[in-house]
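Listing of data-v6.pdb; format and content: PDB, C-alpha atoms, pLDDT in the B column.
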ATOM      1  CA  ALA A 476      59.991-120.694  -3.020  1.00 74.00           C
ATOM      2  CA  GLN A 477      59.785-117.308  -4.624  1.00 85.00           C
ATOM      3  CA  THR A 478      58.240-114.463  -2.679  1.00 94.00           C
ATOM      4  CA  VAL A 479      57.120-111.005  -3.713  1.00 97.00           C
ATOM      5  CA  THR A 480      56.776-108.178  -1.200  1.00 98.00           C
ATOM      6  CA  GLN A 481      54.977-104.890  -1.625  1.00 98.00           C
ATOM      7  CA  SER A 482      55.640-102.880   1.526  1.00 96.00           C
ATOM      8  CA  GLN A 483      53.197-100.048   0.781  1.00 97.00           C
ATOM      9  CA  PRO A 484      49.594-101.111   1.479  1.00 97.00           C
ATOM     10  CA  GLU A 485      48.336 -97.701   0.353  1.00 97.00           C
ATOM     11  CA  MET A 486      49.726 -94.750  -1.592  1.00 98.00           C
ATOM     12  CA  SER A 487      48.217 -91.505  -2.740  1.00 98.00           C
ATOM     13  CA  VAL A 488      49.168 -88.962  -5.382  1.00 98.00           C
ATOM     14  CA  GLN A 489      47.867 -85.692  -6.746  1.00 98.00           C
ATOM     15  CA  GLU A 490      46.621 -85.676 -10.294  1.00 98.00           C
ATOM     16  CA  ALA A 491      49.448 -84.855 -12.758  1.00 97.00           C
ATOM     17  CA  GLU A 492      52.112 -85.737 -10.190  1.00 98.00           C
ATOM     18  CA  THR A 493      54.466 -88.723 -10.133  1.00 98.00           C
ATOM     19  CA  VAL A 494      54.272 -91.685  -7.784  1.00 98.00           C
ATOM     20  CA  THR A 495      56.501 -94.722  -7.291  1.00 98.00           C
ATOM     21  CA  LEU A 496      55.267 -98.084  -6.051  1.00 98.00           C
ATOM     22  CA  SER A 497      57.808-100.422  -4.484  1.00 98.00           C
ATOM     23  CA  CYS A 498      58.285-104.136  -4.970  1.00 98.00           C
ATOM     24  CA  THR A 499      60.995-106.538  -3.856  1.00 98.00           C
ATOM     25  CA  TYR A 500      61.246-110.222  -4.593  1.00 97.00           C
ATOM     26  CA  ASP A 501      63.276-113.207  -3.604  1.00 96.00           C
ATOM     27  CA  THR A 502      64.417-115.914  -5.983  1.00 93.00           C
ATOM     28  CA  SER A 503      67.379-118.145  -6.636  1.00 91.00           C
ATOM     29  CA  GLU A 504      66.662-118.195 -10.364  1.00 89.00           C
ATOM     30  CA  SER A 505      68.584-116.112 -12.873  1.00 88.00           C
ATOM     31  CA  ASP A 506      65.968-116.081 -15.629  1.00 88.00           C
ATOM     32  CA  TYR A 507      62.485-114.848 -14.839  1.00 92.00           C
ATOM     33  CA  TYR A 508      59.819-112.282 -15.636  1.00 92.00           C
ATOM     34  CA  LEU A 509      58.399-109.491 -13.540  1.00 95.00           C
ATOM     35  CA  PHE A 510      55.068-107.785 -14.047  1.00 95.00           C
ATOM     36  CA  TRP A 511      52.927-104.993 -12.726  1.00 97.00           C
ATOM     37  CA  TYR A 512      49.190-105.587 -12.928  1.00 97.00           C
ATOM     38  CA  LYS A 513      46.470-103.039 -12.244  1.00 97.00           C
ATOM     39  CA  GLN A 514      43.115-103.988 -10.726  1.00 97.00           C
ATOM     40  CA  PRO A 515      40.600-101.104 -10.878  1.00 96.00           C
ATOM     41  CA  PRO A 516      37.282-101.168  -8.994  1.00 94.00           C
ATOM     42  CA  SER A 517      35.837-103.354 -11.763  1.00 93.00           C
ATOM     43  CA  ARG A 518      38.328-105.998 -10.522  1.00 94.00           C
ATOM     44  CA  GLN A 519      39.506-106.785 -14.056  1.00 95.00           C
ATOM     45  CA  MET A 520      43.236-107.505 -13.929  1.00 95.00           C
ATOM     46  CA  ILE A 521      45.122-105.446 -16.493  1.00 94.00           C
ATOM     47  CA  LEU A 522      48.772-105.915 -17.428  1.00 93.00           C
ATOM     48  CA  VAL A 523      50.595-102.615 -17.022  1.00 96.00           C
ATOM     49  CA  ILE A 524      54.182-103.511 -17.785  1.00 95.00           C
ATOM     50  CA  ARG A 525      56.466-106.510 -18.206  1.00 93.00           C
ATOM     51  CA  GLN A 526      60.196-106.916 -17.593  1.00 95.00           C
ATOM     52  CA  GLU A 527      62.447-109.780 -18.610  1.00 92.00           C
ATOM     53  CA  ALA A 528      65.244-110.387 -16.108  1.00 92.00           C
ATOM     54  CA  TYR A 529      67.942-110.859 -18.727  1.00 90.00           C
ATOM     55  CA  LYS A 530      67.253-107.423 -20.179  1.00 89.00           C
ATOM     56  CA  GLN A 531      69.119-104.663 -18.398  1.00 85.00           C
ATOM     57  CA  GLN A 532      67.059-101.907 -19.979  1.00 93.00           C
ATOM     58  CA  ASN A 533      64.109-100.825 -17.877  1.00 95.00           C
ATOM     59  CA  ALA A 534      60.707-101.375 -19.493  1.00 94.00           C
ATOM     60  CA  THR A 535      58.552 -98.371 -20.354  1.00 95.00           C
ATOM     61  CA  GLU A 536      54.923 -98.122 -21.454  1.00 94.00           C
ATOM     62  CA  ASN A 537      53.815 -94.541 -22.018  1.00 96.00           C
ATOM     63  CA  ARG A 538      53.466 -92.971 -18.536  1.00 97.00           C
ATOM     64  CA  PHE A 539      54.515 -96.158 -16.780  1.00 98.00           C
ATOM     65  CA  SER A 540      58.132 -97.142 -16.268  1.00 97.00           C
ATOM     66  CA  VAL A 541      60.027 -99.481 -13.996  1.00 98.00           C
ATOM     67  CA  ASN A 542      63.293 -99.344 -12.108  1.00 97.00           C
ATOM     68  CA  PHE A 543      64.609-102.890 -12.255  1.00 97.00           C
ATOM     69  CA  GLN A 544      67.553-103.554  -9.959  1.00 96.00           C
ATOM     70  CA  LYS A 545      68.397-107.238 -10.416  1.00 95.00           C
ATOM     71  CA  ALA A 546      71.164-107.439  -7.833  1.00 94.00           C
ATOM     72  CA  ALA A 547      68.977-105.778  -5.235  1.00 96.00           C
ATOM     73  CA  LYS A 548      65.926-107.797  -6.365  1.00 96.00           C
ATOM     74  CA  SER A 549      63.905-104.652  -6.606  1.00 97.00           C
ATOM     75  CA  PHE A 550      61.249-103.780  -9.196  1.00 98.00           C
ATOM     76  CA  SER A 551      59.510-100.451  -8.638  1.00 98.00           C
ATOM     77  CA  LEU A 552      56.810 -98.883 -10.806  1.00 98.00           C
ATOM     78  CA  LYS A 553      56.807 -95.170 -11.594  1.00 98.00           C
ATOM     79  CA  ILE A 554      53.610 -93.555 -12.786  1.00 98.00           C
ATOM     80  CA  SER A 555      54.146 -90.127 -14.320  1.00 98.00           C
ATOM     81  CA  ASP A 556      51.484 -87.478 -14.902  1.00 98.00           C
ATOM     82  CA  SER A 557      49.034 -89.445 -12.755  1.00 98.00           C
ATOM     83  CA  GLN A 558      45.438 -89.510 -13.918  1.00 97.00           C
ATOM     84  CA  LEU A 559      42.214 -90.219 -12.064  1.00 97.00           C
ATOM     85  CA  GLY A 560      41.886 -93.437 -14.042  1.00 97.00           C
ATOM     86  CA  ASP A 561      45.122 -94.705 -12.524  1.00 98.00           C
ATOM     87  CA  ALA A 562      43.359 -95.216  -9.197  1.00 98.00           C
ATOM     88  CA  ALA A 563      43.417 -98.952  -8.573  1.00 98.00           C
ATOM     89  CA  MET A 564      45.090-101.738  -6.683  1.00 98.00           C
ATOM     90  CA  TYR A 565      48.486-102.529  -8.171  1.00 98.00           C
ATOM     91  CA  PHE A 566      50.094-105.935  -7.940  1.00 98.00           C
ATOM     92  CA  CYS A 567      53.703-106.823  -8.545  1.00 98.00           C
ATOM     93  CA  ALA A 568      54.134-110.364  -9.858  1.00 96.00           C
ATOM     94  CA  TYR A 569      56.977-112.787 -10.552  1.00 94.00           C
ATOM     95  CA  LYS A 570      57.233-115.759 -12.888  1.00 91.00           C
ATOM     96  CA  ASP A 571      60.031-118.233 -13.451  1.00 86.00           C
ATOM     97  CA  ALA A 572      61.148-118.530 -17.050  1.00 81.00           C
ATOM     98  CA  GLY A 573      61.118-122.305 -16.736  1.00 70.00           C
ATOM     99  CA  GLY A 574      61.364-125.158 -14.281  1.00 59.00           C
ATOM    100  CA  THR A 575      58.651-126.858 -12.268  1.00 54.00           C
ATOM    101  CA  SER A 576      56.779-123.601 -11.557  1.00 52.00           C
ATOM    102  CA  TYR A 577      56.502-122.960 -15.271  1.00 59.00           C
ATOM    103  CA  GLY A 578      53.705-120.515 -15.890  1.00 76.00           C
ATOM    104  CA  LYS A 579      52.766-119.768 -12.281  1.00 86.00           C
ATOM    105  CA  LEU A 580      52.624-116.164 -11.167  1.00 91.00           C
ATOM    106  CA  THR A 581      53.557-115.205  -7.615  1.00 93.00           C
ATOM    107  CA  PHE A 582      51.826-112.001  -6.549  1.00 96.00           C
ATOM    108  CA  GLY A 583      52.705-109.399  -3.969  1.00 97.00           C
ATOM    109  CA  GLN A 584      50.185-108.200  -1.405  1.00 97.00           C
ATOM    110  CA  GLY A 585      49.111-105.250  -3.526  1.00 97.00           C
ATOM    111  CA  THR A 586      49.193-101.467  -3.154  1.00 98.00           C
ATOM    112  CA  ILE A 587      46.024 -99.392  -3.244  1.00 98.00           C
ATOM    113  CA  LEU A 588      46.685 -96.193  -5.187  1.00 98.00           C
ATOM    114  CA  THR A 589      44.430 -93.191  -4.671  1.00 98.00           C
ATOM    115  CA  VAL A 590      44.616 -90.260  -7.093  1.00 98.00           C
ATOM    116  CA  HIS A 591      43.419 -86.892  -5.764  1.00 97.00           C
ATOM    117  CA  PRO A 592      42.043 -84.301  -8.213  1.00 95.00           C
TER     118      PRO A 592
ATOM    119  CA  GLY B 698      43.303-109.571 -28.850  1.00 65.00           C
ATOM    120  CA  ALA B 699      43.959-111.911 -25.882  1.00 84.00           C
ATOM    121  CA  VAL B 700      40.479-111.715 -24.382  1.00 91.00           C
ATOM    122  CA  VAL B 701      39.361-114.057 -21.625  1.00 95.00           C
ATOM    123  CA  SER B 702      35.725-114.324 -20.593  1.00 96.00           C
ATOM    124  CA  GLN B 703      34.130-115.774 -17.498  1.00 97.00           C
ATOM    125  CA  HIS B 704      30.563-116.864 -16.940  1.00 97.00           C
ATOM    126  CA  PRO B 705      28.660-116.150 -14.840  1.00 97.00           C
ATOM    127  CA  SER B 706      29.932-112.821 -13.547  1.00 97.00           C
ATOM    128  CA  TRP B 707      27.853-113.147 -10.402  1.00 97.00           C
ATOM    129  CA  VAL B 708      26.102-116.136  -8.833  1.00 97.00           C
ATOM    130  CA  ILE B 709      24.156-116.688  -5.646  1.00 97.00           C
ATOM    131  CA  CYS B 710      23.458-120.225  -4.528  1.00 95.00           C
ATOM    132  CA  LYS B 711      22.142-122.092  -1.529  1.00 96.00           C
ATOM    133  CA  SER B 712      24.445-123.945   0.807  1.00 96.00           C
ATOM    134  CA  GLY B 713      24.985-127.531  -0.319  1.00 96.00           C
ATOM    135  CA  THR B 714      24.522-126.920  -4.030  1.00 96.00           C
ATOM    136  CA  SER B 715      27.191-126.989  -6.730  1.00 97.00           C
ATOM    137  CA  VAL B 716      28.181-124.101  -8.941  1.00 97.00           C
ATOM    138  CA  LYS B 717      30.064-124.220 -12.247  1.00 97.00           C
ATOM    139  CA  ILE B 718      32.147-121.290 -13.502  1.00 97.00           C
ATOM    140  CA  GLU B 719      33.358-121.198 -17.103  1.00 97.00           C
ATOM    141  CA  CYS B 720      36.534-119.575 -18.358  1.00 96.00           C
ATOM    142  CA  ARG B 721      37.010-119.117 -22.097  1.00 95.00           C
ATOM    143  CA  SER B 722      39.849-117.741 -24.177  1.00 93.00           C
ATOM    144  CA  LEU B 723      38.034-115.987 -27.005  1.00 93.00           C
ATOM    145  CA  ASP B 724      40.725-115.267 -29.555  1.00 89.00           C
ATOM    146  CA  PHE B 725      43.600-117.573 -28.729  1.00 87.00           C
ATOM    147  CA  GLN B 726      44.281-121.140 -27.682  1.00 88.00           C
ATOM    148  CA  ALA B 727      45.349-121.612 -24.102  1.00 86.00           C
ATOM    149  CA  THR B 728      47.249-124.745 -23.224  1.00 81.00           C
ATOM    150  CA  THR B 729      47.299-123.631 -19.620  1.00 87.00           C
ATOM    151  CA  MET B 730      44.717-121.848 -17.522  1.00 91.00           C
ATOM    152  CA  PHE B 731      44.907-120.789 -13.899  1.00 94.00           C
ATOM    153  CA  TRP B 732      42.240-120.373 -11.243  1.00 96.00           C
ATOM    154  CA  TYR B 733      42.588-117.837  -8.446  1.00 96.00           C
ATOM    155  CA  ARG B 734      40.574-116.844  -5.435  1.00 97.00           C
ATOM    156  CA  GLN B 735      40.559-113.285  -4.102  1.00 96.00           C
ATOM    157  CA  PHE B 736      39.119-111.803  -0.933  1.00 93.00           C
ATOM    158  CA  PRO B 737      38.338-108.060  -0.761  1.00 90.00           C
ATOM    159  CA  LYS B 738      41.425-105.840  -0.796  1.00 89.00           C
ATOM    160  CA  GLN B 739      43.686-108.865  -0.764  1.00 94.00           C
ATOM    161  CA  SER B 740      45.993-110.455  -3.267  1.00 95.00           C
ATOM    162  CA  LEU B 741      45.164-113.270  -5.672  1.00 95.00           C
ATOM    163  CA  MET B 742      45.644-116.751  -4.298  1.00 94.00           C
ATOM    164  CA  LEU B 743      46.427-119.420  -6.888  1.00 94.00           C
ATOM    165  CA  MET B 744      44.150-122.400  -6.462  1.00 96.00           C
ATOM    166  CA  ALA B 745      45.151-124.625  -9.345  1.00 94.00           C
ATOM    167  CA  THR B 746      46.813-124.865 -12.720  1.00 92.00           C
ATOM    168  CA  SER B 747      44.751-126.425 -15.467  1.00 88.00           C
ATOM    169  CA  ASN B 748      46.359-128.028 -18.497  1.00 84.00           C
ATOM    170  CA  GLU B 749      44.332-129.064 -21.518  1.00 81.00           C
ATOM    171  CA  GLY B 750      43.764-132.801 -21.621  1.00 80.00           C
ATOM    172  CA  SER B 751      45.303-133.582 -18.248  1.00 83.00           C
ATOM    173  CA  LYS B 752      44.476-133.376 -14.569  1.00 87.00           C
ATOM    174  CA  ALA B 753      44.744-130.055 -12.833  1.00 91.00           C
ATOM    175  CA  THR B 754      47.557-129.354 -10.419  1.00 92.00           C
ATOM    176  CA  TYR B 755      46.246-128.017  -7.132  1.00 95.00           C
ATOM    177  CA  GLU B 756      48.086-125.757  -4.726  1.00 94.00           C
ATOM    178  CA  GLN B 757      48.733-126.959  -1.229  1.00 93.00           C
ATOM    179  CA  GLY B 758      45.687-126.593   0.989  1.00 94.00           C
ATOM    180  CA  VAL B 759      43.160-126.512  -1.858  1.00 95.00           C
ATOM    181  CA  GLU B 760      40.603-129.312  -1.674  1.00 93.00           C
ATOM    182  CA  LYS B 761      40.571-131.193  -4.968  1.00 93.00           C
ATOM    183  CA  ASP B 762      37.180-132.747  -4.310  1.00 94.00           C
ATOM    184  CA  LYS B 763      35.579-129.410  -3.507  1.00 95.00           C
ATOM    185  CA  PHE B 764      37.033-127.428  -6.399  1.00 96.00           C
ATOM    186  CA  LEU B 765      36.765-129.587  -9.514  1.00 95.00           C
ATOM    187  CA  ILE B 766      38.618-128.281 -12.547  1.00 94.00           C
ATOM    188  CA  ASN B 767      38.172-129.500 -16.091  1.00 90.00           C
ATOM    189  CA  HIS B 768      40.133-128.236 -19.102  1.00 87.00           C
ATOM    190  CA  ALA B 769      38.501-130.153 -21.917  1.00 81.00           C
ATOM    191  CA  SER B 770      39.562-127.934 -24.809  1.00 88.00           C
ATOM    192  CA  LEU B 771      42.163-125.335 -25.693  1.00 88.00           C
ATOM    193  CA  THR B 772      39.638-122.559 -25.135  1.00 91.00           C
ATOM    194  CA  LEU B 773      37.586-123.690 -22.153  1.00 93.00           C
ATOM    195  CA  SER B 774      38.278-124.497 -18.511  1.00 93.00           C
ATOM    196  CA  THR B 775      35.619-124.944 -15.852  1.00 95.00           C
ATOM    197  CA  LEU B 776      35.714-124.686 -12.073  1.00 97.00           C
ATOM    198  CA  THR B 777      32.958-126.450 -10.163  1.00 97.00           C
ATOM    199  CA  VAL B 778      32.510-125.626  -6.514  1.00 97.00           C
ATOM    200  CA  THR B 779      30.843-128.710  -5.083  1.00 96.00           C
ATOM    201  CA  SER B 780      28.587-128.699  -2.021  1.00 96.00           C
ATOM    202  CA  ALA B 781      29.214-124.991  -1.586  1.00 96.00           C
ATOM    203  CA  HIS B 782      29.160-123.454   1.875  1.00 96.00           C
ATOM    204  CA  PRO B 783      29.169-119.793   2.983  1.00 96.00           C
ATOM    205  CA  GLU B 784      32.933-119.902   3.523  1.00 95.00           C
ATOM    206  CA  ASP B 785      33.342-120.591  -0.206  1.00 96.00           C
ATOM    207  CA  SER B 786      31.893-117.157  -0.946  1.00 96.00           C
ATOM    208  CA  SER B 787      34.609-115.237  -2.749  1.00 96.00           C
ATOM    209  CA  PHE B 788      35.736-113.698  -6.015  1.00 97.00           C
ATOM    210  CA  TYR B 789      37.086-116.292  -8.431  1.00 98.00           C
ATOM    211  CA  ILE B 790      39.332-115.250 -11.312  1.00 98.00           C
ATOM    212  CA  CYS B 791      40.713-117.309 -14.161  1.00 97.00           C
ATOM    213  CA  SER B 792      43.631-116.517 -16.411  1.00 94.00           C
ATOM    214  CA  ALA B 793      44.975-118.036 -19.594  1.00 91.00           C
ATOM    215  CA  ALA B 794      48.501-118.272 -20.919  1.00 83.00           C
ATOM    216  CA  PRO B 795      48.770-118.452 -24.703  1.00 76.00           C
ATOM    217  CA  HIS B 796      52.520-118.295 -24.881  1.00 63.00           C
ATOM    218  CA  LEU B 797      54.118-119.472 -21.698  1.00 55.00           C
ATOM    219  CA  ALA B 798      57.552-118.511 -22.975  1.00 53.00           C
ATOM    220  CA  ARG B 799      56.574-114.849 -23.002  1.00 65.00           C
ATOM    221  CA  GLY B 800      55.231-114.965 -19.483  1.00 69.00           C
ATOM    222  CA  GLU B 801      51.979-113.084 -19.835  1.00 78.00           C
ATOM    223  CA  GLN B 802      48.741-114.293 -18.420  1.00 86.00           C
ATOM    224  CA  PHE B 803      45.474-112.717 -19.504  1.00 91.00           C
ATOM    225  CA  PHE B 804      42.755-112.514 -16.926  1.00 95.00           C
ATOM    226  CA  GLY B 805      39.018-113.001 -17.046  1.00 96.00           C
ATOM    227  CA  PRO B 806      36.740-110.415 -15.419  1.00 97.00           C
ATOM    228  CA  GLY B 807      36.071-112.656 -12.426  1.00 97.00           C
ATOM    229  CA  THR B 808      33.038-114.324 -10.868  1.00 98.00           C
ATOM    230  CA  ARG B 809      31.549-113.251  -7.578  1.00 97.00           C
ATOM    231  CA  LEU B 810      30.148-116.263  -5.712  1.00 97.00           C
ATOM    232  CA  THR B 811      27.821-115.786  -2.765  1.00 97.00           C
ATOM    233  CA  VAL B 812      26.679-118.877  -0.877  1.00 96.00           C
ATOM    234  CA  LEU B 813      23.672-118.378   1.376  1.00 95.00           C
TER     235      LEU B 813
END
So that I can check it, write out the structure of this file as structure tokens.
Amino acid sequence: AQTVTQSQPEMSVQEAETVTLSCTYDTSESDYYLFWYKQPPSRQMILVIRQEAYKQQNATENRFSVNFQKAAKSFSLKISDSQLGDAAMYFCAYKDAGGTSYGKLTFGQGTILTVHP
Amino acid sequence: GAVVSQHPSWVICKSGTSVKIECRSLDFQATTMFWYRQFPKQSLMLMATSNEGSKATYEQGVEKDKFLINHASLTLSTLTVTSAHPEDSSFYICSAAPHLARGEQFFGPGTRLTVL
């Protein structure tokens, strides 16, 4: 079974600074998707960024970028120019591209990010 | 686009009663919907996968008779917590997958259930 591990229960960053959230995963599949979701205090899950395993290029969405290391099974999220609105719980998630677990997301434990003004 | 709604957002019920939570995809058709449970400051735990027109697939350890799931249309799935007890108090979140090949799931805002 696939597993996703976020080893940082909590992280903090100063406003306008850069922070990196770590995520590792375990799978025997070669084709899959990886995601970072943000859950602010409202508890609404928001998709931050998406990476397809067969793409070597790291995904980028404005201030958010990932460092995808397929061989190392690592998928970290970098937030640049941090803003107060970035404060939230961040979840790393994995999904097979096919097979019997088609559609299911496997989530990491989450990292609580605090942004200091 | 890709908006998912949940109703109610917050419900309080007495022990022994049943509660129904609705999950709707507002601007897309969802062949598959997912139901999660989340405790404070913890991750999402998948309870079941709901496919339109067929029986839900429950995760190991989830009681099928307690958590009834119905996916009667391409835009609506319901979760009924039967004979609720205080230990069922939690935050329940649904998600919908319009294009499974792309991987994304879009999440509803969640329902906070409190059983007295």
> What are the residues of chain A that have an atom within 12 Å of an atom of chain B, counting all atoms listed in the file, as a PyMOL selection string?
Replying inline: chain A and resi 479-481+484-485+506-528+563-588
>> List as a PyMOL selection string the protein and nucleic acid residues near Gln726 (chain B), meaning an atom at most 7 Å away when only C-alpha atoms are counted, but skip any in the same chain fewer than 4 places from it.
In response: chain B and resi 722+771-772+795
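Distances here use only C-alpha atoms; by that measure, the residue among B:Asp762, B:Glu756, B:Asp724, B:Glu749 closest to Thr779 (chain B) is B:Asp762.
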>> Just want the 8 Å neighbourhood of region 494-499 of chain A, counted on all atoms listed in the file, with same-chain residues fewer than 5 positions away dropped. Output as a ChimeraX atom specification.
In response: /A:479-483,486-488,548-555,557,567,583,586
> Which is closest to Lys545 (chain A) among A:Gln489, A:Gln532, A:Thr478, A:Thr589, if we use all atoms listed in the file?
Replying inline: A:Gln532
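If you look at CA of Tyr529 (chain A) and CA of Phe725 (chain B), they are 27.2 Å away from each other.
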>> My list of candidates is A:Glu492, A:Leu559, A:His591, A:Gln531. Which is closest to Ala546 (chain A) when distances are computed with only C-alpha atoms?
In response: A:Gln531
Region 761-772 of chain B: axis-aligned bounding box, 5 Å on each side, centre and edge lengths in Å, one decimal, as lines of an AutoDock Vina configuration file:
center_x = 38.9
center_y = -127.7
center_z = -14.6
size_x = 16.6
size_y = 20.2
size_z = 32.2
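Of note, CA of His704 (chain B) and CA of Trp732 (chain B) are spaced 13.5 Å apart.
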>> Which residues are close to His782 (chain B), i.e. within 12 Å by all atoms listed in the file, leaving aside same-chain residues fewer than 2 positions away? Reply as an MDAnalysis selection string.
In response: chainID B and resid 709:716 763 778:780 784:787 810:813
Atoms to include: C-alpha atoms. Write the selected residues as a CSV table (one decimal), in the coordinates of the input.
chain,number,residue,atom,x,y,z
B,709,ILE,CA,24.2,-116.7,-5.6
B,710,CYS,CA,23.5,-120.2,-4.5
B,711,LYS,CA,22.1,-122.1,-1.5
B,712,SER,CA,24.4,-123.9,0.8
B,713,GLY,CA,25.0,-127.5,-0.3
B,714,THR,CA,24.5,-126.9,-4.0
B,715,SER,CA,27.2,-127.0,-6.7
B,716,VAL,CA,28.2,-124.1,-8.9
B,763,LYS,CA,35.6,-129.4,-3.5
B,778,VAL,CA,32.5,-125.6,-6.5
B,779,THR,CA,30.8,-128.7,-5.1
B,780,SER,CA,28.6,-128.7,-2.0
B,784,GLU,CA,32.9,-119.9,3.5
B,785,ASP,CA,33.3,-120.6,-0.2
B,786,SER,CA,31.9,-117.2,-0.9
B,787,SER,CA,34.6,-115.2,-2.7
B,810,LEU,CA,30.1,-116.3,-5.7
B,811,THR,CA,27.8,-115.8,-2.8
B,812,VAL,CA,26.7,-118.9,-0.9
B,813,LEU,CA,23.7,-118.4,1.4
> Contacts of Leu776 (chain B) at 6 Å or less, counting only C-alpha atoms, minus same-chain residues fewer than 2 places along, as a PyMOL selection string?
Replying inline: chain B and resi 717-718+765-766
Can those selected residues be exported to a file as an mmCIF file, in the coordinates of the input so that it contains C-alpha atoms?
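As written to disk, part38.cif reads:
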data_model
loop_
_atom_site.group_PDB
_atom_site.id
_atom_site.type_symbol
_atom_site.label_atom_id
_atom_site.label_comp_id
_atom_site.auth_asym_id
_atom_site.auth_seq_id
_atom_site.Cartn_x
_atom_site.Cartn_y
_atom_site.Cartn_z
ATOM 1 C CA LYS B 717 30.064 -124.220 -12.247
ATOM 2 C CA ILE B 718 32.147 -121.290 -13.502
ATOM 3 C CA LEU B 765 36.765 -129.587 -9.514
ATOM 4 C CA ILE B 766 38.618 -128.281 -12.547
#
Close residues, Ser774 (chain B) itself excluded, 6 Å, all atoms listed in the file, min 6 positions apart in chain, as a PDB file with C-alpha atoms, in the frame of the given file:
ATOM      1  CA  CYS B 720      36.534-119.575 -18.358  1.00 96.00           C
ATOM      2  CA  ASN B 767      38.172-129.500 -16.091  1.00 90.00           C
ATOM      3  CA  HIS B 768      40.133-128.236 -19.102  1.00 87.00           C
TER       4      HIS B 768
END
> For Val759 (chain B), which residue among B:Arg809, B:Trp707, B:Arg734, B:Leu773 is the nearest when counting all atoms listed in the file?
Replying inline: B:Arg734
>> My list of candidates is B:Ala781, B:Leu723, B:Glu760, B:Phe736. Which is closest to Ala699 (chain B) when distances are computed with only C-alpha atoms?
In response: B:Leu723
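When CA of Ser770 (chain B) is paired with CA of Thr754 (chain B), their separation reads 16.5 Å.
Restricting the calculation to only C-alpha atoms, the smallest distance between Thr775 (chain B) and any of B:Ser751, B:Tyr733, B:Cys791, B:Val708 is found for B:Cys791.
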